[in-house]
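Student: Below is a structure I'd like to ask you about.
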2 protein chains.
Amino acid sequence: MHTDNREHFRRETKELPETFALKGIILDAPSPEKLRIWEEGYVICEKGICKGVYETIPQKYEGIFCIDYGDSLIIPGITDLHLHAPQFSFRGTGMDLELLDWLDQVTFPQEARYEDEEFAKEAYSLFVQEMKKSATARACIFATLHVPATMILTDLLEESGLKVFVGKVNMDRNSPETLCEKSAGQSLSSTRRWLEETEKRNYKNVRPILTPRFIPSCTDELMEGLAQIQREYSLPMQSHLSENPGEIEWVKDLRPDAEFYGQAYEKSGMFGKNCPTIMAHGVYCSFEEEELIKRNGVYLAHCPQSNRDLASGIAPAARYLREGMRVGIGTDVAGGSSLNMLRAMGDAIGMSKLYWRLLDEKIKPLSVTEAFYMATRGGGSFFGNVGSFEQEFEMDAVVLDDSSIPSPLRLSPKERLERFMYLGEERNVRAKYVNGKEIKRYE
Amino acid sequence: MHTDNREHFRRETKELPETFALKGIILDAPSPEKLRIWEEGYVICEKGICKGVYETIPQKYEGIFCIDYGDSLIIPGITDLHLHAPQFSFRGTGMDLELLDWLDQVTFPQEARYEDEEFAKEAYSLFVQEMKKSATARACIFATLHVPATMILTDLLEESGLKVFVGKVNMDRNSPETLCEKSAGQSLSSTRRWLEETEKRNYKNVRPILTPRFIPSCTDELMEGLAQIQREYSLPMQSHLSENPGEIEWVKDLRPDAEFYGQAYEKSGMFGKNCPTIMAHGVYCSFEEEELIKRNGVYLAHCPQSNRDLASGIAPAARYLREGMRVGIGTDVAGGSSLNMLRAMGDAIGMSKLYWRLLDEKIKPLSVTEAFYMATRGGGSFFGNVGSFEQEFEMDAVVLDDSSIPSPLRLSPKERLERFMYLGEERNVRAKYVNGKEIKRYE
């Protein structure tokens, strides 16, 4: 068979000196309106922390190790704010269904297979290998309800050098027997077991995040118990919100006590405020739900490819962002098929154009800078000072080579960035650094 | 820099014996409802013509040369029914604009550069090189208004082995001075010069197609003159139709004599019937326009990525297809950014899901088989018996390798086909045959 660049992929994280510089065409977006560009810049890293970008190396850093990426673009690491590791195995198949049928017929039977640790090991190895090669530096990941498989996943991710939140999933109702915890009590004790195991392993790169699948899968008792665990361990939380009309109707039936979907989470005390929270989708938020999201500082993971391919609809992500909501982008593999966060930016822009055309001409489509911000600084901020080359931010960087996208034109750095949103593939990711560690580099 | 498979790309068309077989997992869609699958099949080619698919090589063909593609999928060649070769250079940039502004600010200034033959040579060489590597076997291509540049393009395409229709563009109004023919007469005489030049070169793979850009760019006098040329030379014709609301309003102003956009073409005698015609887009056809399209057998080139990225809207392609309209898929580079027709199938499905969700729940989304049909047999039929492995069809085939899309699952051929629609990239195209000639093969 033909050779491709995967053969040249180095599996081992390269040891770099504590202090080094990367040289290239550097871009970041510290705010949704601001694109910074250094046509020839040096970004300095010291002990995993970014010490700024300079046109020449400052005196203080003279003589430090420097990797010259020439004409390549260097952008901040990208954060995939929402995806399902166990669904990677069947990405791009079974897409003829809407959310609830897709869960029942495709997703749940596949997730049930992670009971089998051998299968989990094989499937998660492939997943982590592809994550390493992608443009993603950080991610918030759903596992399955199985503790042993989740530990296999977190071990592999720890070793990858990516920085991630991973959640063992909770689900104790409305799920097939093969993928349902027997009771709230059993789900909660599994969760404690997972947390203790995670604590023991003393991970540097992986942190746990509570992950009730969504309201339809979780009894009130389970939600109450998770909130209790959340308080004990000070854990963040991730789940799904207002993705699909059928789902929203179902939540109304299941939780008549809640005036809207998000309130069902809030009533258990897990909807932002002191519990850093990511909600995936938010395609159909009511006015009250949006207000609560803003008030509580809940993150929204906008998943454009998934929203299209599960026929969910279009989330008003541009409006959310401009109204000050915390918005990042997620691939939602396997509601979305591709791990490629470069493409996810272009999909976010594309969906915002259709939103403008078909649903609300008052909401201008996302700009290149806004999409770039969402995928870097927007989602990255869930991890702290992450997602730009500002001083004292954690040093995550992705080096992008576009020699596989030939053009006779002399394109500007911004045009080249835009092109990656429409045409970027894994092979364009020439190198990746997370918190100062080298995760990937092609020679 | 890292190696990628482009280094291994053979530039020369390989000479194969007149009669040969390809072995692999074979799929085609002779109708929108029918997906045929041979889990281990041989497709036989004799003098460029398909002699059917068999589970074992028939006695008549015993001992013929056979290329065994093992576990790879073999599908019919794909037809890109609408794209602009000169726009390839800036694909994926300047996508912040709607159609008419995008034409004025991005496209027209770039197309004007093809006045320069050196530039044309460089730009078109890159375009044809990428077309060779893609999954596209046949295409209907817009050039620019420049005759010398168009000849450069057709020479390169002839050599590529792809089968194409190429049109020198006509535009004599509402265009910048740098990209506007001085009069209808000048446009028509250029067109005759181009046709004579094309005839002289005696191409095997390239055929001319009349290409008035769209009604706003063409005076009535020009359209009449082109219709005259059409009758003299028996030429097919391609143009744009009902893509964008602003464009449609403009056409109403420009052609008060026409009750709807398509009628403006029909009045000049170039809208199907005896003039095989492709209209790109058809996002906003009126009932009367649809009826005329059906009655006259006009082809519609559905361009889902372009319709999203130029914020045009969503064409009801699923309904068109089910109502018996002739529908193929186009990338519309550079309204769409990617030459990748595998992805265009997934985009057609995705857009049809949004159409169902947001615009008309009576129109079920496109199935995998329907999208596959549109991209192969649907568009291919513009070229005659093309786009499936039926007996006596021209032998176009694409061999797809999905080893770069790892999965722990044993996927069915149909699932693997579906995956290419969401995740397929150029590197997955292992080999390509057009009319029995080998265009590309990785060892």
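Numbering starts fresh at 1 for the residues of each chain in the structure tokens, the chains themselves are lettered A, B, ... in the order given, and ligands are numbered from 1 as they appear.
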Using only C-alpha atoms, I'd like every residue of chain A that has an atom within 7 Å of chain B; please write them out as a PyMOL selection string.
Tutor: chain A and resi 1-5+89+92-93+96+122-123+126+308-309+311+313+337-338+350+353-354+357-358+367+406-409+415+418-419+422-423+442-443
Student: Which residues, written as an mmCIF file with all heavy atoms, in the first residue's frame, have at least one atom at most 9 Å from region 253-270 of chain B, with only C-alpha atoms counted and residues fewer than 6 positions away on the same chain left out?
Tutor:
data_model
loop_
_atom_site.group_PDB
_atom_site.id
_atom_site.type_symbol
_atom_site.label_atom_id
_atom_site.label_comp_id
_atom_site.auth_asym_id
_atom_site.auth_seq_id
_atom_site.Cartn_x
_atom_site.Cartn_y
_atom_site.Cartn_z
ATOM 1 N N ILE B 215 -27.486 34.977 -16.175
ATOM 2 C CA ILE B 215 -28.252 36.043 -16.840
ATOM 3 C C ILE B 215 -27.707 37.442 -16.519
ATOM 4 O O ILE B 215 -27.551 38.262 -17.432
ATOM 5 C CB ILE B 215 -29.760 35.904 -16.502
ATOM 6 C CG1 ILE B 215 -30.336 34.624 -17.122
ATOM 7 C CG2 ILE B 215 -30.547 37.136 -16.953
ATOM 8 C CD1 ILE B 215 -30.404 34.602 -18.639
ATOM 9 N N PRO B 216 -27.383 37.743 -15.254
ATOM 10 C CA PRO B 216 -26.913 39.115 -14.998
ATOM 11 C C PRO B 216 -25.661 39.496 -15.786
ATOM 12 O O PRO B 216 -25.434 40.682 -16.026
ATOM 13 C CB PRO B 216 -26.628 39.107 -13.486
ATOM 14 C CG PRO B 216 -27.554 38.088 -12.943
ATOM 15 C CD PRO B 216 -27.608 37.011 -13.996
ATOM 16 N N ASP B 220 -29.165 40.143 -23.716
ATOM 17 C CA ASP B 220 -30.072 39.333 -24.536
ATOM 18 C C ASP B 220 -29.424 39.020 -25.881
ATOM 19 O O ASP B 220 -29.551 37.915 -26.413
ATOM 20 C CB ASP B 220 -31.390 40.078 -24.781
ATOM 21 C CG ASP B 220 -32.140 40.353 -23.489
ATOM 22 O OD1 ASP B 220 -31.577 40.065 -22.403
ATOM 23 O OD2 ASP B 220 -33.275 40.849 -23.557
ATOM 24 N N MET B 223 -27.078 36.192 -25.538
ATOM 25 C CA MET B 223 -27.779 34.915 -25.384
ATOM 26 C C MET B 223 -28.325 34.428 -26.733
ATOM 27 O O MET B 223 -28.230 33.232 -27.041
ATOM 28 C CB MET B 223 -28.920 35.057 -24.364
ATOM 29 C CG MET B 223 -28.461 35.333 -22.929
ATOM 30 S SD MET B 223 -27.363 34.071 -22.226
ATOM 31 C CE MET B 223 -28.514 32.734 -21.958
ATOM 32 N N GLU B 224 -28.876 35.353 -27.500
ATOM 33 C CA GLU B 224 -29.387 34.963 -28.827
ATOM 34 C C GLU B 224 -28.261 34.412 -29.707
ATOM 35 O O GLU B 224 -28.411 33.410 -30.390
ATOM 36 C CB GLU B 224 -30.008 36.178 -29.561
ATOM 37 C CG GLU B 224 -31.149 36.864 -28.825
ATOM 38 C CD GLU B 224 -32.386 35.980 -28.713
ATOM 39 O OE1 GLU B 224 -32.597 35.153 -29.618
ATOM 40 O OE2 GLU B 224 -33.117 36.110 -27.714
ATOM 41 N N GLY B 225 -27.141 35.109 -29.663
ATOM 42 C CA GLY B 225 -26.000 34.679 -30.471
ATOM 43 C C GLY B 225 -25.472 33.318 -30.045
ATOM 44 O O GLY B 225 -25.104 32.478 -30.890
ATOM 45 N N LEU B 226 -25.455 33.085 -28.760
ATOM 46 C CA LEU B 226 -24.987 31.777 -28.268
ATOM 47 C C LEU B 226 -25.937 30.669 -28.704
ATOM 48 O O LEU B 226 -25.510 29.558 -29.037
ATOM 49 C CB LEU B 226 -24.841 31.801 -26.744
ATOM 50 C CG LEU B 226 -23.654 32.607 -26.211
ATOM 51 C CD1 LEU B 226 -23.713 32.693 -24.681
ATOM 52 C CD2 LEU B 226 -22.321 31.977 -26.640
ATOM 53 N N ALA B 227 -27.220 30.981 -28.684
ATOM 54 C CA ALA B 227 -28.208 29.977 -29.111
ATOM 55 C C ALA B 227 -27.982 29.615 -30.582
ATOM 56 O O ALA B 227 -28.123 28.451 -30.983
ATOM 57 C CB ALA B 227 -29.617 30.508 -28.891
ATOM 58 N N GLN B 228 -27.633 30.617 -31.353
ATOM 59 C CA GLN B 228 -27.325 30.394 -32.769
ATOM 60 C C GLN B 228 -26.115 29.452 -32.894
ATOM 61 O O GLN B 228 -26.142 28.458 -33.638
ATOM 62 C CB GLN B 228 -27.041 31.760 -33.419
ATOM 63 C CG GLN B 228 -26.570 31.704 -34.866
ATOM 64 C CD GLN B 228 -27.590 31.047 -35.774
ATOM 65 O OE1 GLN B 228 -28.813 31.166 -35.551
ATOM 66 N NE2 GLN B 228 -27.123 30.319 -36.785
ATOM 67 N N GLN B 230 -25.055 27.423 -30.660
ATOM 68 C CA GLN B 230 -25.489 26.120 -30.122
ATOM 69 C C GLN B 230 -26.103 25.272 -31.232
ATOM 70 O O GLN B 230 -25.780 24.085 -31.367
ATOM 71 C CB GLN B 230 -26.492 26.359 -28.978
ATOM 72 C CG GLN B 230 -26.892 25.107 -28.223
ATOM 73 C CD GLN B 230 -28.036 24.375 -28.871
ATOM 74 O OE1 GLN B 230 -29.028 24.972 -29.287
ATOM 75 N NE2 GLN B 230 -27.895 23.063 -28.974
ATOM 76 N N PRO B 236 -23.806 21.329 -25.944
ATOM 77 C CA PRO B 236 -24.520 21.431 -24.669
ATOM 78 C C PRO B 236 -24.226 22.805 -24.035
ATOM 79 O O PRO B 236 -23.419 23.570 -24.555
ATOM 80 C CB PRO B 236 -23.920 20.304 -23.834
ATOM 81 C CG PRO B 236 -22.550 20.125 -24.381
ATOM 82 C CD PRO B 236 -22.611 20.497 -25.840
ATOM 83 N N MET B 237 -24.877 23.061 -22.908
ATOM 84 C CA MET B 237 -24.753 24.375 -22.292
ATOM 85 C C MET B 237 -24.824 24.239 -20.775
ATOM 86 O O MET B 237 -25.485 23.337 -20.267
ATOM 87 C CB MET B 237 -25.900 25.238 -22.821
ATOM 88 C CG MET B 237 -25.994 26.636 -22.255
ATOM 89 S SD MET B 237 -27.023 26.660 -20.759
ATOM 90 C CE MET B 237 -27.595 28.358 -20.813
ATOM 91 N N LEU B 241 -28.546 28.964 -11.939
ATOM 92 C CA LEU B 241 -29.988 29.229 -11.841
ATOM 93 C C LEU B 241 -30.448 29.349 -10.384
ATOM 94 O O LEU B 241 -30.179 28.460 -9.566
ATOM 95 C CB LEU B 241 -30.764 28.077 -12.510
ATOM 96 C CG LEU B 241 -32.290 28.206 -12.532
ATOM 97 C CD1 LEU B 241 -32.732 29.269 -13.529
ATOM 98 C CD2 LEU B 241 -32.926 26.852 -12.879
ATOM 99 N N SER B 242 -31.147 30.425 -10.095
ATOM 100 C CA SER B 242 -31.889 30.572 -8.826
ATOM 101 C C SER B 242 -31.073 30.114 -7.624
ATOM 102 O O SER B 242 -31.497 29.265 -6.841
ATOM 103 C CB SER B 242 -33.212 29.793 -8.904
ATOM 104 O OG SER B 242 -34.018 30.321 -9.936
ATOM 105 N N PRO B 276 -28.676 19.879 -24.437
ATOM 106 C CA PRO B 276 -28.410 19.289 -23.119
ATOM 107 C C PRO B 276 -27.853 20.367 -22.189
ATOM 108 O O PRO B 276 -26.877 21.026 -22.521
ATOM 109 C CB PRO B 276 -27.366 18.213 -23.415
ATOM 110 C CG PRO B 276 -27.540 17.886 -24.863
ATOM 111 C CD PRO B 276 -27.970 19.171 -25.512
ATOM 112 N N THR B 277 -28.499 20.556 -21.056
ATOM 113 C CA THR B 277 -28.233 21.729 -20.228
ATOM 114 C C THR B 277 -28.032 21.349 -18.770
ATOM 115 O O THR B 277 -28.769 20.517 -18.236
ATOM 116 C CB THR B 277 -29.436 22.695 -20.335
ATOM 117 O OG1 THR B 277 -29.541 23.139 -21.686
ATOM 118 C CG2 THR B 277 -29.287 23.888 -19.408
ATOM 119 N N CYS B 285 -36.156 27.550 -6.842
ATOM 120 C CA CYS B 285 -36.978 27.451 -8.048
ATOM 121 C C CYS B 285 -38.455 27.613 -7.697
ATOM 122 O O CYS B 285 -38.923 27.053 -6.705
ATOM 123 C CB CYS B 285 -36.785 26.082 -8.709
ATOM 124 S SG CYS B 285 -35.128 25.824 -9.341
ATOM 125 N N SER B 286 -39.146 28.342 -8.524
ATOM 126 C CA SER B 286 -40.598 28.416 -8.367
ATOM 127 C C SER B 286 -41.198 27.129 -8.941
ATOM 128 O O SER B 286 -40.527 26.369 -9.634
ATOM 129 C CB SER B 286 -41.144 29.620 -9.128
ATOM 130 O OG SER B 286 -40.937 29.407 -10.524
ATOM 131 N N GLU B 288 -43.268 26.855 -11.355
ATOM 132 C CA GLU B 288 -43.217 26.892 -12.824
ATOM 133 C C GLU B 288 -41.810 26.548 -13.323
ATOM 134 O O GLU B 288 -41.651 25.850 -14.331
ATOM 135 C CB GLU B 288 -43.607 28.280 -13.357
ATOM 136 C CG GLU B 288 -45.070 28.645 -13.180
ATOM 137 C CD GLU B 288 -45.445 28.971 -11.743
ATOM 138 O OE1 GLU B 288 -44.515 29.266 -10.918
ATOM 139 O OE2 GLU B 288 -46.646 28.916 -11.400
ATOM 140 N N GLU B 289 -40.829 27.039 -12.611
ATOM 141 C CA GLU B 289 -39.449 26.770 -13.010
ATOM 142 C C GLU B 289 -39.147 25.278 -12.897
ATOM 143 O O GLU B 289 -38.547 24.675 -13.794
ATOM 144 C CB GLU B 289 -38.500 27.588 -12.134
ATOM 145 C CG GLU B 289 -37.081 27.635 -12.639
ATOM 146 C CD GLU B 289 -36.323 28.801 -12.032
ATOM 147 O OE1 GLU B 289 -35.877 28.685 -10.872
ATOM 148 O OE2 GLU B 289 -36.188 29.837 -12.711
ATOM 149 N N GLU B 290 -39.592 24.688 -11.802
ATOM 150 C CA GLU B 290 -39.369 23.246 -11.628
ATOM 151 C C GLU B 290 -40.041 22.436 -12.733
ATOM 152 O O GLU B 290 -39.474 21.482 -13.258
ATOM 153 C CB GLU B 290 -39.918 22.793 -10.268
ATOM 154 C CG GLU B 290 -39.043 23.220 -9.109
ATOM 155 C CD GLU B 290 -39.600 22.736 -7.769
ATOM 156 O OE1 GLU B 290 -40.297 21.698 -7.752
ATOM 157 O OE2 GLU B 290 -39.328 23.388 -6.767
ATOM 158 N N LEU B 292 -40.716 23.396 -15.717
ATOM 159 C CA LEU B 292 -39.992 23.578 -16.979
ATOM 160 C C LEU B 292 -38.694 22.755 -16.982
ATOM 161 O O LEU B 292 -38.329 22.147 -18.001
ATOM 162 C CB LEU B 292 -39.685 25.064 -17.184
ATOM 163 C CG LEU B 292 -39.097 25.429 -18.549
ATOM 164 C CD1 LEU B 292 -40.068 25.090 -19.683
ATOM 165 C CD2 LEU B 292 -38.732 26.922 -18.597
ATOM 166 N N ILE B 293 -38.021 22.719 -15.856
ATOM 167 C CA ILE B 293 -36.795 21.922 -15.732
ATOM 168 C C ILE B 293 -37.088 20.455 -16.030
ATOM 169 O O ILE B 293 -36.376 19.789 -16.789
ATOM 170 C CB ILE B 293 -36.192 22.078 -14.311
ATOM 171 C CG1 ILE B 293 -35.602 23.485 -14.138
ATOM 172 C CG2 ILE B 293 -35.149 21.003 -14.028
ATOM 173 C CD1 ILE B 293 -35.183 23.801 -12.713
#
Student: Take CA of Val147 (chain A) and CA of Met341 (chain A) and report the distance between them in Å, one decimal.
Tutor: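 Taking CA of Val147 (chain A) as the start and CA of Met341 (chain A) as the end point, the length is 27.9 Å.
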Student: Write out as a CSV table (one decimal) with N, CA, C and O atoms, in the first residue's frame which residues come within 10 Å of Tyr320 (chain A) when counting only C-alpha atoms, dropping same-chain ones fewer than 6 positions away.
Tutor:
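Saved result, selection-v1.csv, follows:
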chain,number,residue,atom,x,y,z
A,282,GLY,N,-27.4,23.0,23.0
A,282,GLY,CA,-28.2,24.2,23.1
A,282,GLY,C,-28.7,24.7,21.8
A,282,GLY,O,-28.7,25.9,21.5
A,290,GLU,N,-31.5,30.4,28.3
A,290,GLU,CA,-30.4,31.2,27.9
A,290,GLU,C,-29.9,32.1,29.1
A,290,GLU,O,-28.7,32.3,29.4
A,294,LYS,N,-26.3,32.1,31.0
A,294,LYS,CA,-25.4,33.3,31.2
A,294,LYS,C,-25.2,33.6,32.7
A,294,LYS,O,-24.1,33.8,33.1
A,300,LEU,N,-21.2,26.5,26.8
A,300,LEU,CA,-21.9,25.8,25.8
A,300,LEU,C,-21.0,25.2,24.7
A,300,LEU,O,-20.1,25.9,24.2
A,302,HIS,N,-20.7,24.1,21.2
A,302,HIS,CA,-21.4,24.1,20.0
A,302,HIS,C,-20.9,23.0,19.0
A,302,HIS,O,-19.6,23.0,18.8
A,326,ARG,N,-20.3,31.8,27.4
A,326,ARG,CA,-19.1,31.1,27.2
A,326,ARG,C,-19.3,30.0,26.2
A,326,ARG,O,-20.0,29.0,26.5
A,327,VAL,N,-18.7,30.1,25.0
A,327,VAL,CA,-19.0,29.1,23.9
A,327,VAL,C,-17.7,28.6,23.4
A,327,VAL,O,-16.8,29.3,23.0
Student: So how many Å separate CA of Pro304 (chain B) and CA of His240 (chain A), to one decimal?
Tutor: 28.4 Å
